[in-house]
Amino acid sequence: MKNITVIGSGTMGNGIAHTFAQHGFNVSLVDIDNNALNKAIQTITNNLDRQIKKGSIDEQLKTDTLKRIEIFTDLKQGAAQADLVIEAATENREIKLNLFKQLSEICSNEVILASNTSSISITQIAAVTKNPGNVIGMHFMNPVPVMKLVEVIRGYATTDETTATIMQLAKTLDKDPVEVNDYPGFVANRILMPMINEAIYTLYEGVAGVEEIDTVMKLGMAHPMGPLQLADFIGLDVCLAILKVLYDGFGNQKYAPCPLLVNMVTAGHTGVKSGSGFYKYTPGSKELVIADKFATK
């Protein structure tokens, strides 16, 4: 397995492409937007430069990594030579189902089709393909080149052979894979998202402010980042989408998204990527500033 196709050039997609290319794989990075692809290559270049400054890689590895990545706007061309396809498109069920239908037609039956979905059913995704035994979840953590965990999700029809192949592949990337079964939110987000949602409810109900909530969790629970800052980092729209999957999947009120979260996403305040969430973000600045909406009067 040497040829990897990554679909989606956003934060997760470019991180996955970076990681595979750095470990010697040939990567086809696919996106419908050529500008997004060029931005992804620049992001990967910047992140490689950051690794050089830290002393974790040298200039030659940076050059080799970038040479191994080829960009495509045509799905058929990008997936033509793939041994493994990893879908990292937006967290939208219909988009993912449509992509996997197309991939099932484009790729041979031997190709493993993986999704980086953080919550959507692998079983449902697999059901639209010709060979559901070769469909699996490969949920990387952000930032992909740094974070060790890969949540490997078995759909109802995923074969033992497919699972073993992906578990071993993750290890070749210097990751620590953990096998889980296909239920809403899997493990990571089934536990994480209710915590984030509860932190938002705590703010919504006036129990404490943004800084106080995050400080309690950082100092009291040894979390490296408070839940509200983490929500901004993940993307409040992504958090909302995952909570909706949990709520629909389990029908349990404890997963119902906080109204404050819904309002913020509706207003376009989605966190780091929009420049404002619970905190406000200025390009190039590392200072953590509480958004005006939540600042102490």
# chains A, B, ... in the order shown; residues from 1 in each chain; ligands from 1
call {"tool": "residues_around", "arguments": {"residues": "segment 33-45 of chain A", "least_positions_apart": "3", "cutoff": "9 Å", "atoms": "only C-alpha atoms", "output": "list in words"}}
result
Gly8, Ser9, Gly10, Thr11, Gly13, Asn14, Gly15, Ala17, His18, Leu29, Val30, Leu48, Asp49, Arg50, Lys62, Leu66, Ile69, Ile71, Phe72 and Thr73 of chain A
call {"tool": "residues_around", "arguments": {"residues": "segment 93-100 of chain A", "least_positions_apart": "3", "cutoff": "7 Å", "atoms": "only C-alpha atoms", "output": "compact mmCIF listing (two decimals) with N, CA and C atoms, in the first residue's frame"}}
result
# COMPACT_ATOMS: atom_id res chain seq x y z
N LEU A 103 -16.93 6.72 -5.28
CA LEU A 103 -15.69 5.98 -5.08
C LEU A 103 -15.86 4.49 -5.34
N SER A 104 -17.03 3.98 -4.97
CA SER A 104 -17.32 2.56 -5.20
C SER A 104 -17.33 2.23 -6.68
N ILE A 120 -20.41 10.30 11.98
CA ILE A 120 -21.40 9.71 11.08
C ILE A 120 -21.16 8.21 10.92
N ILE A 125 -22.49 4.60 5.73
CA ILE A 125 -21.63 4.96 4.61
C ILE A 125 -21.33 3.72 3.76
N VAL A 128 -23.83 2.15 1.00
CA VAL A 128 -24.03 2.69 -0.35
C VAL A 128 -22.93 2.23 -1.32
N THR A 129 -21.99 1.42 -0.83
CA THR A 129 -20.88 0.96 -1.68
C THR A 129 -21.11 -0.48 -2.13
call {"tool": "select_by_dssp", "arguments": {"residues": "segment 101-257 of chain A", "states": "strand (DSSP E)", "output": "list of chain:residue names"}}
result
A:Ile112, A:Leu113, A:Ala114, A:Ser115, A:Val135, A:Ile136, A:Gly137, A:Met138, A:His139, A:Phe140, A:Leu149, A:Val150, A:Glu151, A:Val152, A:Ile153, A:Arg154, A:Asp176, A:Pro177, A:Val178, A:Glu179, A:Val180, A:Asn181
call {"tool": "residues_around", "arguments": {"residues": "Asp176 of chain A", "least_positions_apart": "6", "cutoff": "9 Å", "atoms": "only C-alpha atoms", "output": "list of chain:residue names"}}
result
A:Lys148, A:Leu149, A:Val150, A:Glu151, A:Met167, A:Ala170
call {"tool": "write_last_selection", "arguments": {"atoms": "N, CA, C and O atoms", "output": "PDB file, in the first residue's frame"}}
result
ATOM      1  N   LYS A 148      -1.295  11.600  18.399  1.00  0.00           N
ATOM      2  CA  LYS A 148      -0.968  10.185  18.225  1.00  0.00           C
ATOM      3  C   LYS A 148      -2.179   9.297  17.957  1.00  0.00           C
ATOM      4  O   LYS A 148      -2.069   8.247  17.315  1.00  0.00           O
ATOM      5  N   LEU A 149      -3.339   9.683  18.441  1.00  0.00           N
ATOM      6  CA  LEU A 149      -4.497   8.785  18.370  1.00  0.00           C
ATOM      7  C   LEU A 149      -5.097   8.714  16.968  1.00  0.00           C
ATOM      8  O   LEU A 149      -5.258   9.731  16.297  1.00  0.00           O
ATOM      9  N   VAL A 150      -5.428   7.486  16.551  1.00  0.00           N
ATOM     10  CA  VAL A 150      -6.319   7.269  15.418  1.00  0.00           C
ATOM     11  C   VAL A 150      -7.419   6.328  15.890  1.00  0.00           C
ATOM     12  O   VAL A 150      -7.143   5.202  16.322  1.00  0.00           O
ATOM     13  N   GLU A 151      -8.654   6.804  15.853  1.00  0.00           N
ATOM     14  CA  GLU A 151      -9.801   5.993  16.223  1.00  0.00           C
ATOM     15  C   GLU A 151     -10.214   5.190  14.984  1.00  0.00           C
ATOM     16  O   GLU A 151     -10.622   5.754  13.980  1.00  0.00           O
ATOM     17  N   MET A 167      -5.223  -0.892  11.107  1.00  0.00           N
ATOM     18  CA  MET A 167      -4.540  -0.796  12.399  1.00  0.00           C
ATOM     19  C   MET A 167      -3.024  -0.790  12.198  1.00  0.00           C
ATOM     20  O   MET A 167      -2.301   0.027  12.791  1.00  0.00           O
ATOM     21  N   ALA A 170      -1.811   2.517  10.504  1.00  0.00           N
ATOM     22  CA  ALA A 170      -1.720   3.630  11.446  1.00  0.00           C
ATOM     23  C   ALA A 170      -0.419   3.579  12.239  1.00  0.00           C
ATOM     24  O   ALA A 170       0.200   4.615  12.504  1.00  0.00           O
TER      25      ALA A 170
END
call {"tool": "closest_residue", "arguments": {"among": "A:Ser276, A:Gln51, A:Thr117, A:Thr165", "to": "Met141 of chain A", "atoms": "only C-alpha atoms"}}
result
A:Thr117
call {"tool": "residues_around", "arguments": {"residues": "Tyr156 of chain A", "least_positions_apart": "2", "cutoff": "7 Å", "atoms": "only C-alpha atoms", "output": "PDB file with N, CA and C atoms, in the first residue's frame"}}
result
ATOM      1  N   THR A 123     -21.337   2.226   9.108  1.00  0.00           N
ATOM      2  CA  THR A 123     -22.243   1.220   8.552  1.00  0.00           C
ATOM      3  C   THR A 123     -23.134   1.835   7.478  1.00  0.00           C
ATOM      4  N   ARG A 154     -14.973   0.177  13.163  1.00  0.00           N
ATOM      5  CA  ARG A 154     -15.497  -0.943  12.386  1.00  0.00           C
ATOM      6  C   ARG A 154     -16.982  -0.751  12.135  1.00  0.00           C
ATOM      7  N   THR A 158     -17.610  -4.350   8.179  1.00  0.00           N
ATOM      8  CA  THR A 158     -16.159  -4.246   7.999  1.00  0.00           C
ATOM      9  C   THR A 158     -15.479  -5.567   8.341  1.00  0.00           C
TER      10      THR A 158
END
call {"tool": "residues_around", "arguments": {"residues": "Ser121 of chain A", "least_positions_apart": "5", "cutoff": "9 Å", "atoms": "only C-alpha atoms", "output": "short mmCIF file (atom, residue, chain, number, x, y, z; two decimals) with all heavy atoms, in the first residue's frame"}}
result
data_model
loop_
_atom_site.label_atom_id
_atom_site.label_comp_id
_atom_site.auth_asym_id
_atom_site.auth_seq_id
_atom_site.Cartn_x
_atom_site.Cartn_y
_atom_site.Cartn_z
N ARG A 93 -23.65 14.24 6.18
CA ARG A 93 -23.98 12.86 5.80
C ARG A 93 -24.19 12.71 4.29
O ARG A 93 -23.66 11.78 3.66
CB ARG A 93 -25.22 12.38 6.56
CG ARG A 93 -25.62 10.95 6.23
CD ARG A 93 -26.88 10.53 6.96
NE ARG A 93 -26.63 10.25 8.36
CZ ARG A 93 -26.94 11.07 9.37
NH1 ARG A 93 -27.54 12.23 9.12
NH2 ARG A 93 -26.69 10.73 10.61
N ALA A 126 -20.98 2.62 4.43
CA ALA A 126 -20.61 1.38 3.73
C ALA A 126 -21.77 0.83 2.91
O ALA A 126 -21.58 0.21 1.86
CB ALA A 126 -20.12 0.35 4.74
N GLY A 137 -13.76 3.37 9.35
CA GLY A 137 -13.51 4.72 9.85
C GLY A 137 -12.06 4.86 10.28
O GLY A 137 -11.49 3.96 10.90
N GLY A 155 -17.37 -0.72 10.87
CA GLY A 155 -18.79 -0.77 10.55
C GLY A 155 -19.32 -2.18 10.75
O GLY A 155 -18.56 -3.12 11.00
N ASP A 182 -19.04 0.79 15.73
CA ASP A 182 -19.77 1.87 15.06
C ASP A 182 -21.09 2.20 15.75
O ASP A 182 -22.13 1.60 15.44
CB ASP A 182 -20.01 1.48 13.61
CG ASP A 182 -20.71 2.57 12.81
OD1 ASP A 182 -20.54 3.75 13.17
OD2 ASP A 182 -21.41 2.25 11.84
N TYR A 183 -21.03 3.16 16.68
CA TYR A 183 -22.22 3.71 17.30
C TYR A 183 -22.06 5.23 17.33
O TYR A 183 -20.93 5.72 17.27
CB TYR A 183 -22.43 3.13 18.71
CG TYR A 183 -22.79 1.67 18.66
CD1 TYR A 183 -21.82 0.69 18.83
CD2 TYR A 183 -24.11 1.27 18.40
CE1 TYR A 183 -22.14 -0.66 18.75
CE2 TYR A 183 -24.44 -0.08 18.31
CZ TYR A 183 -23.45 -1.04 18.48
OH TYR A 183 -23.79 -2.37 18.39
N PRO A 184 -23.13 5.99 17.40
CA PRO A 184 -23.03 7.45 17.27
C PRO A 184 -21.95 8.08 18.14
O PRO A 184 -21.91 7.86 19.36
CB PRO A 184 -24.43 7.93 17.67
CG PRO A 184 -25.33 6.80 17.27
CD PRO A 184 -24.54 5.56 17.59
N GLY A 185 -21.07 8.85 17.50
CA GLY A 185 -20.00 9.53 18.22
C GLY A 185 -18.80 8.67 18.51
O GLY A 185 -17.78 9.17 19.01
N PHE A 186 -18.92 7.34 18.25
CA PHE A 186 -17.83 6.40 18.52
C PHE A 186 -17.44 6.51 20.01
O PHE A 186 -18.31 6.47 20.86
CB PHE A 186 -16.66 6.61 17.57
CG PHE A 186 -17.11 6.85 16.15
CD1 PHE A 186 -16.61 7.90 15.40
CD2 PHE A 186 -18.06 6.02 15.56
CE1 PHE A 186 -17.03 8.13 14.09
CE2 PHE A 186 -18.50 6.23 14.25
CZ PHE A 186 -17.97 7.29 13.52
#
call {"tool": "closest_residue", "arguments": {"among": "A:Lys293, A:Lys171, A:Lys280, A:Lys244", "to": "Glu91 of chain A", "atoms": "only C-alpha atoms"}}
result
A:Lys244
call {"tool": "closest_atom_pairs", "arguments": {"of": "segment 173-210 of chain A", "to": "segment 218-228 of chain A", "cutoff": "8 Å", "atoms": "only C-alpha atoms", "output": "Markdown table"}}
result
| residue | atom | partner | partner_atom | distance |
| --- | --- | --- | --- | --- |
| A:Met195 | CA | A:Pro227 | CA | 7.4 |
| A:Ile196 | CA | A:Pro227 | CA | 5.3 |
| A:Ala199 | CA | A:Pro227 | CA | 6.6 |
| A:Ile200 | CA | A:Leu228 | CA | 7.1 |
| A:Val210 | CA | A:Leu228 | CA | 7.0 |
call {"tool": "residues_around", "arguments": {"residues": "Phe20 of chain A", "least_positions_apart": "5", "cutoff": "9 Å", "atoms": "only C-alpha atoms", "output": "ChimeraX atom specification"}}
result
/A:4,15,25-27,65,173
call {"tool": "write_last_selection", "arguments": {"atoms": "all heavy atoms", "output": "PDB file, in the first residue's frame"}}
result
ATOM      1  N   ILE A   4      -1.998   6.790  -1.660  1.00  0.00           N
ATOM      2  CA  ILE A   4      -3.093   7.212  -0.788  1.00  0.00           C
ATOM      3  C   ILE A   4      -3.806   8.406  -1.424  1.00  0.00           C
ATOM      4  O   ILE A   4      -3.160   9.371  -1.838  1.00  0.00           O
ATOM      5  CB  ILE A   4      -2.569   7.640   0.604  1.00  0.00           C
ATOM      6  CG1 ILE A   4      -1.597   6.600   1.179  1.00  0.00           C
ATOM      7  CG2 ILE A   4      -3.731   7.919   1.554  1.00  0.00           C
ATOM      8  CD1 ILE A   4      -2.182   5.236   1.405  1.00  0.00           C
ATOM      9  N   GLY A  15      -3.755  17.854   6.865  1.00  0.00           N
ATOM     10  CA  GLY A  15      -2.964  17.212   7.913  1.00  0.00           C
ATOM     11  C   GLY A  15      -2.733  15.728   7.641  1.00  0.00           C
ATOM     12  O   GLY A  15      -1.639  15.196   7.865  1.00  0.00           O
ATOM     13  N   PHE A  25       4.596   7.819   1.730  1.00  0.00           N
ATOM     14  CA  PHE A  25       3.505   7.440   0.837  1.00  0.00           C
ATOM     15  C   PHE A  25       3.313   8.492  -0.252  1.00  0.00           C
ATOM     16  O   PHE A  25       3.544   9.676  -0.032  1.00  0.00           O
ATOM     17  CB  PHE A  25       2.201   7.281   1.633  1.00  0.00           C
ATOM     18  CG  PHE A  25       2.216   6.142   2.605  1.00  0.00           C
ATOM     19  CD1 PHE A  25       2.720   6.317   3.892  1.00  0.00           C
ATOM     20  CD2 PHE A  25       1.722   4.896   2.254  1.00  0.00           C
ATOM     21  CE1 PHE A  25       2.736   5.270   4.804  1.00  0.00           C
ATOM     22  CE2 PHE A  25       1.727   3.839   3.155  1.00  0.00           C
ATOM     23  CZ  PHE A  25       2.243   4.026   4.425  1.00  0.00           C
ATOM     24  N   ASN A  26       2.856   8.027  -1.425  1.00  0.00           N
ATOM     25  CA  ASN A  26       2.466   8.942  -2.491  1.00  0.00           C
ATOM     26  C   ASN A  26       1.028   9.377  -2.236  1.00  0.00           C
ATOM     27  O   ASN A  26       0.149   8.528  -2.058  1.00  0.00           O
ATOM     28  CB  ASN A  26       2.557   8.258  -3.852  1.00  0.00           C
ATOM     29  CG  ASN A  26       3.956   7.752  -4.143  1.00  0.00           C
ATOM     30  OD1 ASN A  26       4.938   8.452  -3.896  1.00  0.00           O
ATOM     31  ND2 ASN A  26       4.060   6.533  -4.646  1.00  0.00           N
ATOM     32  N   VAL A  27       0.780  10.672  -2.218  1.00  0.00           N
ATOM     33  CA  VAL A  27      -0.528  11.196  -1.830  1.00  0.00           C
ATOM     34  C   VAL A  27      -1.156  11.994  -2.967  1.00  0.00           C
ATOM     35  O   VAL A  27      -0.525  12.894  -3.526  1.00  0.00           O
ATOM     36  CB  VAL A  27      -0.425  12.082  -0.572  1.00  0.00           C
ATOM     37  CG1 VAL A  27      -1.790  12.668  -0.218  1.00  0.00           C
ATOM     38  CG2 VAL A  27       0.138  11.295   0.604  1.00  0.00           C
ATOM     39  N   THR A  65       8.757  15.284   1.182  1.00  0.00           N
ATOM     40  CA  THR A  65       7.334  15.238   1.560  1.00  0.00           C
ATOM     41  C   THR A  65       6.483  15.991   0.551  1.00  0.00           C
ATOM     42  O   THR A  65       5.460  15.483   0.071  1.00  0.00           O
ATOM     43  CB  THR A  65       7.139  15.829   2.975  1.00  0.00           C
ATOM     44  OG1 THR A  65       7.845  15.026   3.931  1.00  0.00           O
ATOM     45  CG2 THR A  65       5.664  15.874   3.353  1.00  0.00           C
ATOM     46  N   LEU A 173       2.531   5.042  10.556  1.00  0.00           N
ATOM     47  CA  LEU A 173       2.527   6.507  10.608  1.00  0.00           C
ATOM     48  C   LEU A 173       2.975   7.028  11.968  1.00  0.00           C
ATOM     49  O   LEU A 173       2.887   8.226  12.247  1.00  0.00           O
ATOM     50  CB  LEU A 173       1.121   7.044  10.309  1.00  0.00           C
ATOM     51  CG  LEU A 173       0.512   6.698   8.957  1.00  0.00           C
ATOM     52  CD1 LEU A 173      -0.930   7.198   8.888  1.00  0.00           C
ATOM     53  CD2 LEU A 173       1.327   7.275   7.817  1.00  0.00           C
TER      54      LEU A 173
END
call {"tool": "closest_residue", "arguments": {"among": "A:Thr5, A:Thr19, A:Ser56, A:Asn197", "to": "Phe140 of chain A", "atoms": "only C-alpha atoms"}}
result
A:Thr19
call {"tool": "atom_distance", "arguments": {"atom1": "atom CA of Leu236 of chain A", "atom2": "atom CA of Leu261 of chain A"}}
result
7.1 Å
call {"tool": "closest_residue", "arguments": {"among": "A:Val144, A:Glu179, A:Ala82, A:Asp174", "to": "Asp160 of chain A", "atoms": "only C-alpha atoms"}}
result
A:Glu179
call {"tool": "atom_distance", "arguments": {"atom1": "atom CA of Asp232 of chain A", "atom2": "atom CA of Tyr281 of chain A"}}
result
9.8 Å
call {"tool": "residues_around", "arguments": {"residues": "Ala256 of chain A", "least_positions_apart": "2", "cutoff": "10 Å", "atoms": "only C-alpha atoms", "output": "list of chain:residue names"}}
result
A:Pro194, A:Asn197, A:Leu240, A:Leu243, A:Lys244, A:Val245, A:Leu246, A:Tyr247, A:Asp248, A:Gly251, A:Asn252, A:Gln253, A:Lys254, A:Cys258, A:Pro259
call {"tool": "closest_residue", "arguments": {"among": "A:Ile7, A:Ile136, A:Ile52, A:Ile32", "to": "Ala88 of chain A", "atoms": "only C-alpha atoms"}}
result
A:Ile7
call {"tool": "select_by_dssp", "arguments": {"residues": "segment 3-191 of chain A", "states": "helix (DSSP H, G or I)", "output": "PyMOL selection string"}}
result
chain A and resi 11-22+34-54+59-67+75-79+93-106+122-126+132-134+160-172+188-191
call {"tool": "closest_residue", "arguments": {"among": "A:Ile16, A:Cys107, A:Ile242, A:Val207", "to": "Met147 of chain A", "atoms": "only C-alpha atoms"}}
result
A:Ile16
